[in-house]
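In what follows, a single structure is set out as structure tokens and then discussed.
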Amino acid sequence: MPSPGAIAPLHARLAAALGQQRLLVSPDALLAWECDGFTVHKSRPGAVVLAETTEHVQTALRILNDAKVPFVPRGAGTCLSGGPTAGADAVVIDCARMRRVLHVSTEDLYAVVQPGVVNLDLTTAVTCHGLHYAPDPSSQSVCTIGGNLAENSGGPHCFKYGMTRDHILGALVVLPDGSLARLGSPAGSRAPQGLDVAGLFCGSEGTFGIATEITVRLSRNAQEVRTLLAAFADMGAACRSVGDILAAGLVPAALEILDQATIRAVEASVYRAGYPEDAAAVLLVELDGAREVVAEDALEVREMFARNGALRIEEAADAAERKRLWKGRKGAFGAMGRINTDLYVLDGVVPRTRLEQALAGIAAIGEKHGMLITNVFHAGDGNLHPNISFDGRDAEQTRRTVAAGHEILQLCVDLGGSISGEHGIGSEKLDHVPMMFDAADLDVMARVRAVFDPDGRCNPGKVLPNRSACAEVAKWPQMIAKVLDVEGPR
Amino acid sequence: MNATFAPERVEEVAHWLRQRPGRVRVVGGGSRQHELPDCDGAARLGLGRLSAIERLDPGDLTCTVLPGLERRELDAALAGHGLELPCLGEGTLGGLFASDPVGPAAHGAGNPRGLLLGCDAVLADGTPFKAGARVVKSVAGFDVHKLLVGSRGTLFVATRLHLRLQARPRAVRWVERDELAIDEALRLCRALRELPAAPDVLALRRSDGGAYAVCARLVGRTRLVDAAATQLALQDREPGAPLPLPSPATGEVVRGLALPSALAGLCGALPARGAFAWLGGGRFEACSPDPTTTDRLLAWCTANGCPATIVAGPASRRGRGTPLDPGEARLAHGLRTALDPDGILA
């Protein structure tokens with residue numbers, strides 16, 4: 001890879017080809033691109049290209065290919081695992097200005113969008129047709145479809161409707177050498193006798209290329225939506241209610257749980273939703289579908305809540321109340337800002353039936369390290385988001401945070417789960433990858449990556465740990481320690 | 001072909017492949033072999049004896065199966081727990097996922113791609129590896145396991161599949177209306193797609209005789225399902241998948257993808273005689289009596305953006321179809337070369 005200084009000679013060439021207004025190079029201007037939502041990892045890129053068209057991306061990538069300079073695709077920068085954070089030797093290709101909805105088919109139920117279209121804006125654009133785009137990460141009001149594609153993003157409603165991959169039909173992709181590949185089609189991601197390259201591309205965390213047109217499936221709005229809240233005196237009762245709902249064969253659109261510390265943080269914040277602060281857990285259940293079915297399902301769910309000793313059961317009477325109930329859940333991560341200066345959002349998955357065991361283990365880990373860990377999670381999927389609040393200016397607290405996070409993810413793997421349900425590996429979890437995959441697994445992944453990016457210039461240093469790390473037990477927290485050494489305490 | 005090696009334990013697959021048996025054709029139940037290119041002289045790796053449900057966790061809505069397990073055996077085991085694998089397709093589970101002959105049966109319905117959570121597999125050189133996870137949600141690492149779907153055993157040999165399940169709907173009713181003109185059939189398809197509880201299987205079929213039929217699997221609560229059937233004058237029918245079509249004794253079969261808006265045009269381009277079926281998820285198959293009519297249909301598909309390929313017929317014609325995007329074709333070739341550089345898996 002070239003040294004950071006190798007990018008400077010490219011500035012003039014990039015500016016001449018793309019226009020000076022589409023190139024940022026001054027250190028001050030680059031500050032906004034130094035990290036994503038994983039703020040522990042900060043690094044200022046060598047330059048930023050503000051692309052607006054497929055041709056801009058192609059032009060930039062051809063120039064970078066000639067000079068063998070690495071690049072990092074980026075959307076809104078809401079990723080939580082350091083995915084779009086670039087080194088000083090790399091150029092960020094920012095796609096946030098590519099925000100046009102190119103085509104909507106109301107008959108065939110798909111849309112073609114540029115990667116910078118904000119997730120919620122797509123739903124807003126098609127809502128007049130009674131349609132929506134189903135994947136709804138908590139950051140949906142700012143995150144982009146391109147970022148969602150790269151990360152295979154989830155969200156509360158993916159329990160019923162699936163992850164981003166389940167809604168991706170195709171993409172026009174600029175490969176690292178600047179060539180184009182059109183993957184999939186509006187009729188399906190895989191041609192009948194072909195491979196599912198579009199499916200593989202989704203979730204590749206920006207390491208395979210840059211999607212500049214994305215074809216997504218749209219969904220019809222449900223005839224009826226009902227949102228229920230139940231407050232419980234203990235977390236076990238909330239988890240058992242989830243089990244009862246699923247065992248009864250019901251398929252809610254969402255099943256979300258917040259623990260007491262999260263509830264209190266939310267209620268003290270601008271995201272206040274009226275959750276009972278004395279509850280040990282709040283369970284949000286959203287039911288959608290045909291009117292008669294949803295009405296009957298809601299009655300059943302209420303009975304299950306009651307059987308599990310719910311302290312309070314509430315149902316949104318209208319859209320405004322539904323929005324209020326969701327406000328607390330969607331704002332939970334923001335509300336954590338009240339607890340401490342920094343927040344480390346984890347993203348482990350366990351089999352749903354092991355949720356109680358996992359939560360008990362997480363509490364024990366928090367106690368061992370003297371860290372406050374709050375939990376807000378997608379209970380239907382077993383996708384936990386333990387949040388460690390800490391003061392990042394305190395090196396000792398940061399060390400304990402990192403250690404606790406490592407132990408929590410190991411716990412998830414030990415229980416049969418995964419180190420990431422929806423946030424991705426990025427740079428954050430590089431050292432955790434060997435918890436799940438051995439050297440042979442990673443070698444196969446590396447071979448696949450090399451098909452798209454033989455030079456390893458497309459978002460280098462993400463997803464796959466270096467080979468020497470693969471052969472050893474996880475080396476966490478080496479990456480974070482390196483970052484802290486370089487950046488120094490904040 | 002040479003003799004078949006039929007391992008009884010998963011570990012034997014890697015061991016056998018490490019012996020370098022030459023070119024290898026992976027076989028499950030054998031029901032889709034006629035769709036593959038001829039491979040005279042290749043050794044057969046029969047996975048039919050690797051048949052077991054290794055793990056079934058009803059509360060987690062997941063299971064792990066070996067690739068030779070028959071779909072009907074899994075269905076029977078799941079029924080006891082009120083669960084199902086929400087996709088169409090028969091034969092062995094390994095074959096179903098590796099061939100993916102049906103795809104999603106309705107807009108947004110379950111399909112092998114979404115249901116495969118992870119797998120254990122062996123590369124052609126005998127190197128075992130794993131990808132994905134056992135849980136319903138994981139984005140750790142690249143989803144190499146998803147490449148199994150539709151790969152027809154040409155990238156790697158899957159030896160263990162982790163699958164997502166779902167609760168069986170409380171009411172399930174297979175319904176149909178037949179003897180329809182094409183316009184009536186298309187209107188009925190549209191009406192079914194727009195139901196508040198849209199069917200999870202929707203199919204348009206044409207028999208040899210030329211009349212169309214629409215069939216669907218209505219799911220939900222009994223009252224709702226019955227009301228929809230009455231409203232649309234649908235009769236009960238035997239459960240069953242309309243795809244893949246049985247291969248005709250003569251002629252060819254074209255498999256493709258078509259959006260609902262392309263259906264009327266596609267039906268107009270079909271050969272005058274021959275069975276045809278389209279599923280609401282986009283997949284279609286059409287029987288064609290001779291190469292001339294097949295080529296005419298493929299030309300229509302090319303002009304109208306419907307990917308299509310000949311999947312049954314003379315060996316010299318199988319695999320012909322509408323052109324793939326050159327960039328995607330290059331990547332697909334690169335993936336085959338990366339995972340099986342010596343071209344062992346036929």
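The way I read the labels, and the way they are meant: chains A, B, ... in the order of the structure tokens, residue 1 as the first residue of every chain, and ligand 1 as the first ligand shown, with later ones counted on from there.
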Discussion item. What parts of range 270-327 of chain B does DSSP call alpha helix (DSSP H)? I'd like the answer as a PyMOL selection string.
Written reply: chain B and resi 291-303+326-327
Save the residues we just selected, N, CA, C and O atoms, as a JSON list (two decimals), in the first residue's frame?
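Dumped everything to result_38.json:
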```json
[["chain", "number", "residue", "atom", "x", "y", "z"],
["B", 291, "PRO", "N", -36.64, -26.45, -30.89],
["B", 291, "PRO", "CA", -35.67, -25.37, -30.71],
["B", 291, "PRO", "C", -36.10, -24.04, -31.33],
["B", 291, "PRO", "O", -35.78, -22.97, -30.80],
["B", 292, "THR", "N", -36.84, -24.09, -32.41],
["B", 292, "THR", "CA", -37.24, -22.83, -33.06],
["B", 292, "THR", "C", -38.13, -22.01, -32.14],
["B", 292, "THR", "O", -37.93, -20.80, -31.96],
["B", 293, "THR", "N", -39.12, -22.67, -31.56],
["B", 293, "THR", "CA", -40.02, -21.92, -30.66],
["B", 293, "THR", "C", -39.29, -21.51, -29.39],
["B", 293, "THR", "O", -39.54, -20.45, -28.83],
["B", 294, "THR", "N", -38.37, -22.34, -28.93],
["B", 294, "THR", "CA", -37.58, -21.96, -27.75],
["B", 294, "THR", "C", -36.78, -20.70, -28.04],
["B", 294, "THR", "O", -36.76, -19.76, -27.23],
["B", 295, "ASP", "N", -36.13, -20.67, -29.18],
["B", 295, "ASP", "CA", -35.30, -19.52, -29.52],
["B", 295, "ASP", "C", -36.15, -18.25, -29.66],
["B", 295, "ASP", "O", -35.71, -17.15, -29.30],
["B", 296, "ARG", "N", -37.37, -18.44, -30.17],
["B", 296, "ARG", "CA", -38.26, -17.28, -30.30],
["B", 296, "ARG", "C", -38.61, -16.74, -28.90],
["B", 296, "ARG", "O", -38.62, -15.54, -28.66],
["B", 297, "LEU", "N", -38.87, -17.67, -28.00],
["B", 297, "LEU", "CA", -39.19, -17.25, -26.63],
["B", 297, "LEU", "C", -37.99, -16.58, -25.97],
["B", 297, "LEU", "O", -38.12, -15.54, -25.31],
["B", 298, "LEU", "N", -36.82, -17.14, -26.17],
["B", 298, "LEU", "CA", -35.62, -16.54, -25.57],
["B", 298, "LEU", "C", -35.35, -15.15, -26.16],
["B", 298, "LEU", "O", -34.90, -14.24, -25.45],
["B", 299, "ALA", "N", -35.65, -14.99, -27.44],
["B", 299, "ALA", "CA", -35.46, -13.66, -28.06],
["B", 299, "ALA", "C", -36.41, -12.66, -27.42],
["B", 299, "ALA", "O", -36.03, -11.50, -27.14],
["B", 300, "TRP", "N", -37.64, -13.10, -27.17],
["B", 300, "TRP", "CA", -38.60, -12.20, -26.50],
["B", 300, "TRP", "C", -38.09, -11.85, -25.10],
["B", 300, "TRP", "O", -38.13, -10.69, -24.68],
["B", 301, "CYS", "N", -37.59, -12.84, -24.39],
["B", 301, "CYS", "CA", -37.08, -12.61, -23.03],
["B", 301, "CYS", "C", -35.91, -11.62, -23.06],
["B", 301, "CYS", "O", -35.82, -10.72, -22.22],
["B", 302, "THR", "N", -35.02, -11.78, -24.01],
["B", 302, "THR", "CA", -33.87, -10.86, -24.12],
["B", 302, "THR", "C", -34.36, -9.44, -24.36],
["B", 302, "THR", "O", -33.88, -8.49, -23.72],
["B", 303, "ALA", "N", -35.32, -9.30, -25.27],
["B", 303, "ALA", "CA", -35.80, -7.96, -25.62],
["B", 303, "ALA", "C", -36.57, -7.32, -24.48],
["B", 303, "ALA", "O", -36.69, -6.09, -24.41],
["B", 326, "PRO", "N", -22.09, -8.75, -18.62],
["B", 326, "PRO", "CA", -20.69, -9.20, -18.69],
["B", 326, "PRO", "C", -19.95, -9.05, -17.36],
["B", 326, "PRO", "O", -19.11, -9.89, -17.02],
["B", 327, "GLY", "N", -20.27, -7.99, -16.64],
["B", 327, "GLY", "CA", -19.60, -7.80, -15.35],
["B", 327, "GLY", "C", -19.99, -8.88, -14.36],
["B", 327, "GLY", "O", -19.14, -9.44, -13.65]]
```
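Note that the spacing between CA of Leu180 in chain A and CA of Ala198 in chain A amounts to 13.3 Å.
Counting from CA of Pro37 in chain B, the distance to CA of Leu116 in chain B is 25.6 Å.
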Within 8 Å of range 106-108 of chain B, counting only C-alpha atoms, which residues show up once you throw out same-chain ones fewer than 6 positions away? Write them as a PDB file with all heavy atoms, in the first residue's frame, please.
```
ATOM      1  N   ASP A 166     -32.829  -9.411   2.168  1.00  0.00           N
ATOM      2  CA  ASP A 166     -34.102  -9.975   1.713  1.00  0.00           C
ATOM      3  C   ASP A 166     -34.888  -8.983   0.861  1.00  0.00           C
ATOM      4  O   ASP A 166     -35.933  -9.341   0.315  1.00  0.00           O
ATOM      5  CB  ASP A 166     -34.930 -10.410   2.929  1.00  0.00           C
ATOM      6  CG  ASP A 166     -34.218 -11.489   3.720  1.00  0.00           C
ATOM      7  OD1 ASP A 166     -33.859 -12.506   3.129  1.00  0.00           O
ATOM      8  OD2 ASP A 166     -33.978 -11.286   4.933  1.00  0.00           O
ATOM      9  N   HIS A 167     -34.421  -7.753   0.770  1.00  0.00           N
ATOM     10  CA  HIS A 167     -35.127  -6.728   0.006  1.00  0.00           C
ATOM     11  C   HIS A 167     -34.287  -6.165  -1.133  1.00  0.00           C
ATOM     12  O   HIS A 167     -34.682  -5.194  -1.767  1.00  0.00           O
ATOM     13  CB  HIS A 167     -35.576  -5.605   0.960  1.00  0.00           C
ATOM     14  CG  HIS A 167     -36.462  -6.121   2.049  1.00  0.00           C
ATOM     15  ND1 HIS A 167     -37.839  -6.135   1.943  1.00  0.00           N
ATOM     16  CD2 HIS A 167     -36.173  -6.696   3.227  1.00  0.00           C
ATOM     17  CE1 HIS A 167     -38.340  -6.697   3.029  1.00  0.00           C
ATOM     18  NE2 HIS A 167     -37.360  -7.042   3.836  1.00  0.00           N
ATOM     19  N   ARG A 217     -36.783  -4.152  -3.156  1.00  0.00           N
ATOM     20  CA  ARG A 217     -38.179  -4.575  -3.130  1.00  0.00           C
ATOM     21  C   ARG A 217     -38.976  -3.641  -2.221  1.00  0.00           C
ATOM     22  O   ARG A 217     -38.513  -3.254  -1.146  1.00  0.00           O
ATOM     23  CB  ARG A 217     -38.275  -6.002  -2.591  1.00  0.00           C
ATOM     24  CG  ARG A 217     -39.711  -6.507  -2.446  1.00  0.00           C
ATOM     25  CD  ARG A 217     -39.751  -7.895  -1.853  1.00  0.00           C
ATOM     26  NE  ARG A 217     -39.221  -8.863  -2.774  1.00  0.00           N
ATOM     27  CZ  ARG A 217     -38.223  -9.694  -2.510  1.00  0.00           C
ATOM     28  NH1 ARG A 217     -37.664  -9.671  -1.323  1.00  0.00           N
ATOM     29  NH2 ARG A 217     -37.806 -10.544  -3.403  1.00  0.00           N
ATOM     30  N   SER A 219     -42.706  -3.030  -0.163  1.00  0.00           N
ATOM     31  CA  SER A 219     -43.761  -3.831   0.467  1.00  0.00           C
ATOM     32  C   SER A 219     -45.029  -3.012   0.579  1.00  0.00           C
ATOM     33  O   SER A 219     -44.979  -1.779   0.759  1.00  0.00           O
ATOM     34  CB  SER A 219     -43.318  -4.272   1.865  1.00  0.00           C
ATOM     35  OG  SER A 219     -42.107  -4.980   1.793  1.00  0.00           O
TER      36      SER A 219
ATOM     37  N   PRO B 199     -51.455 -14.275  -0.470  1.00  0.00           N
ATOM     38  CA  PRO B 199     -51.024 -15.676  -0.371  1.00  0.00           C
ATOM     39  C   PRO B 199     -49.510 -15.789  -0.357  1.00  0.00           C
ATOM     40  O   PRO B 199     -48.818 -14.952  -0.925  1.00  0.00           O
ATOM     41  CB  PRO B 199     -51.613 -16.315  -1.636  1.00  0.00           C
ATOM     42  CG  PRO B 199     -51.896 -15.194  -2.564  1.00  0.00           C
ATOM     43  CD  PRO B 199     -52.168 -13.989  -1.729  1.00  0.00           C
ATOM     44  N   ASP B 200     -49.017 -16.844   0.299  1.00  0.00           N
ATOM     45  CA  ASP B 200     -47.562 -17.028   0.276  1.00  0.00           C
ATOM     46  C   ASP B 200     -47.127 -17.955  -0.863  1.00  0.00           C
ATOM     47  O   ASP B 200     -45.931 -18.164  -1.048  1.00  0.00           O
ATOM     48  CB  ASP B 200     -47.011 -17.477   1.637  1.00  0.00           C
ATOM     49  CG  ASP B 200     -47.493 -18.832   2.070  1.00  0.00           C
ATOM     50  OD1 ASP B 200     -48.249 -19.482   1.319  1.00  0.00           O
ATOM     51  OD2 ASP B 200     -47.104 -19.263   3.178  1.00  0.00           O
ATOM     52  N   VAL B 201     -48.083 -18.502  -1.581  1.00  0.00           N
ATOM     53  CA  VAL B 201     -47.806 -19.151  -2.857  1.00  0.00           C
ATOM     54  C   VAL B 201     -48.837 -18.630  -3.849  1.00  0.00           C
ATOM     55  O   VAL B 201     -50.044 -18.659  -3.571  1.00  0.00           O
ATOM     56  CB  VAL B 201     -47.925 -20.688  -2.779  1.00  0.00           C
ATOM     57  CG1 VAL B 201     -47.705 -21.305  -4.161  1.00  0.00           C
ATOM     58  CG2 VAL B 201     -46.933 -21.258  -1.772  1.00  0.00           C
ATOM     59  N   LEU B 202     -48.376 -18.146  -4.964  1.00  0.00           N
ATOM     60  CA  LEU B 202     -49.275 -17.682  -6.030  1.00  0.00           C
ATOM     61  C   LEU B 202     -48.706 -18.202  -7.342  1.00  0.00           C
ATOM     62  O   LEU B 202     -47.535 -17.990  -7.637  1.00  0.00           O
ATOM     63  CB  LEU B 202     -49.334 -16.153  -6.056  1.00  0.00           C
ATOM     64  CG  LEU B 202     -50.052 -15.525  -7.257  1.00  0.00           C
ATOM     65  CD1 LEU B 202     -51.534 -15.916  -7.271  1.00  0.00           C
ATOM     66  CD2 LEU B 202     -49.923 -13.998  -7.220  1.00  0.00           C
ATOM     67  N   LEU B 279     -44.581 -18.302 -10.967  1.00  0.00           N
ATOM     68  CA  LEU B 279     -44.840 -18.093  -9.542  1.00  0.00           C
ATOM     69  C   LEU B 279     -44.771 -16.607  -9.205  1.00  0.00           C
ATOM     70  O   LEU B 279     -44.019 -15.845  -9.838  1.00  0.00           O
ATOM     71  CB  LEU B 279     -43.806 -18.835  -8.699  1.00  0.00           C
ATOM     72  CG  LEU B 279     -44.044 -20.331  -8.505  1.00  0.00           C
ATOM     73  CD1 LEU B 279     -42.872 -20.944  -7.768  1.00  0.00           C
ATOM     74  CD2 LEU B 279     -45.336 -20.596  -7.741  1.00  0.00           C
ATOM     75  N   GLY B 280     -45.497 -16.219  -8.184  1.00  0.00           N
ATOM     76  CA  GLY B 280     -45.578 -14.806  -7.802  1.00  0.00           C
ATOM     77  C   GLY B 280     -44.250 -14.197  -7.404  1.00  0.00           C
ATOM     78  O   GLY B 280     -44.107 -12.971  -7.360  1.00  0.00           O
ATOM     79  N   GLY B 281     -43.256 -15.030  -7.095  1.00  0.00           N
ATOM     80  CA  GLY B 281     -41.919 -14.510  -6.795  1.00  0.00           C
ATOM     81  C   GLY B 281     -41.127 -14.193  -8.037  1.00  0.00           C
ATOM     82  O   GLY B 281     -40.015 -13.664  -7.946  1.00  0.00           O
ATOM     83  N   GLY B 282     -41.677 -14.537  -9.228  1.00  0.00           N
ATOM     84  CA  GLY B 282     -41.037 -14.156 -10.482  1.00  0.00           C
ATOM     85  C   GLY B 282     -40.564 -15.306 -11.344  1.00  0.00           C
ATOM     86  O   GLY B 282     -40.366 -15.152 -12.546  1.00  0.00           O
TER      87      GLY B 282
END
```
Practice prompt. Enumerate the residues of range 61-195 of chain A with a DSSP assignment of strand (DSSP E), computed from the backbone, and present them as a ChimeraX atom specification.
Written response: /A:71-74,91-94,101-105,110-113,131-132,168-174,180-184
Practice prompt. Extract, using only C-alpha atoms, all DNA, RNA and protein residues at most 6 Å from range 122-126 of chain B, discarding same-chain residues fewer than 5 positions from it, and format them as a PyMOL selection string.
Written response: chain B and resi 14+17-18+156-157+340
For the residues in that selection, give me N, CA, C and O atoms as a short mmCIF file (atom, residue, chain, number, x, y, z; two decimals), in the first residue's frame.
```cif
data_model
loop_
_atom_site.label_atom_id
_atom_site.label_comp_id
_atom_site.auth_asym_id
_atom_site.auth_seq_id
_atom_site.Cartn_x
_atom_site.Cartn_y
_atom_site.Cartn_z
N ALA B 14 -14.65 -34.86 3.05
CA ALA B 14 -13.36 -34.18 2.92
C ALA B 14 -12.25 -35.19 2.65
O ALA B 14 -11.37 -34.95 1.80
N LEU B 17 -12.42 -36.35 -0.99
CA LEU B 17 -12.00 -35.31 -1.94
C LEU B 17 -10.48 -35.09 -1.89
O LEU B 17 -9.86 -34.77 -2.90
N ARG B 18 -9.91 -35.31 -0.71
CA ARG B 18 -8.44 -35.15 -0.61
C ARG B 18 -7.69 -36.25 -1.37
O ARG B 18 -6.51 -36.09 -1.66
N PHE B 156 -18.70 -25.73 -4.09
CA PHE B 156 -18.23 -26.49 -2.92
C PHE B 156 -19.32 -27.49 -2.57
O PHE B 156 -20.43 -27.43 -3.12
N VAL B 157 -18.98 -28.41 -1.67
CA VAL B 157 -19.93 -29.44 -1.27
C VAL B 157 -20.45 -29.09 0.12
O VAL B 157 -19.68 -29.08 1.09
N ASP B 340 -12.86 -23.29 -6.75
CA ASP B 340 -12.52 -24.61 -7.32
C ASP B 340 -11.57 -24.38 -8.49
O ASP B 340 -11.93 -24.54 -9.66
#
```
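Proximity of A:Ala171, A:Ala310, A:Ala403, A:Ala363 to chain B, computed with only C-alpha atoms, is greatest for A:Ala171.
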Item to complete: Please identify all polymer residues within 8 Å of range 263-273 of chain A, counting only C-alpha atoms, omitting same-chain residues fewer than 4 positions from it, and present them as a VMD selection string.
Response: chain A and resid 258 to 259 277 281 to 282 324 to 328 331 to 332 335 to 336 338 to 339
Worksheet item: Skipping near chain neighbours, those fewer than 4 positions away, what residues fall within 7 Å of Val225 in chain A using only C-alpha atoms, listed as an MDAnalysis selection string?
Response: chainID A and resid 287:289
Worksheet item: Given the choices B:His145, B:His162, B:Arg44, B:Lys130, which gets closest to Thr64 in chain B if the distance is worked out from only C-alpha atoms?
Response: B:His162
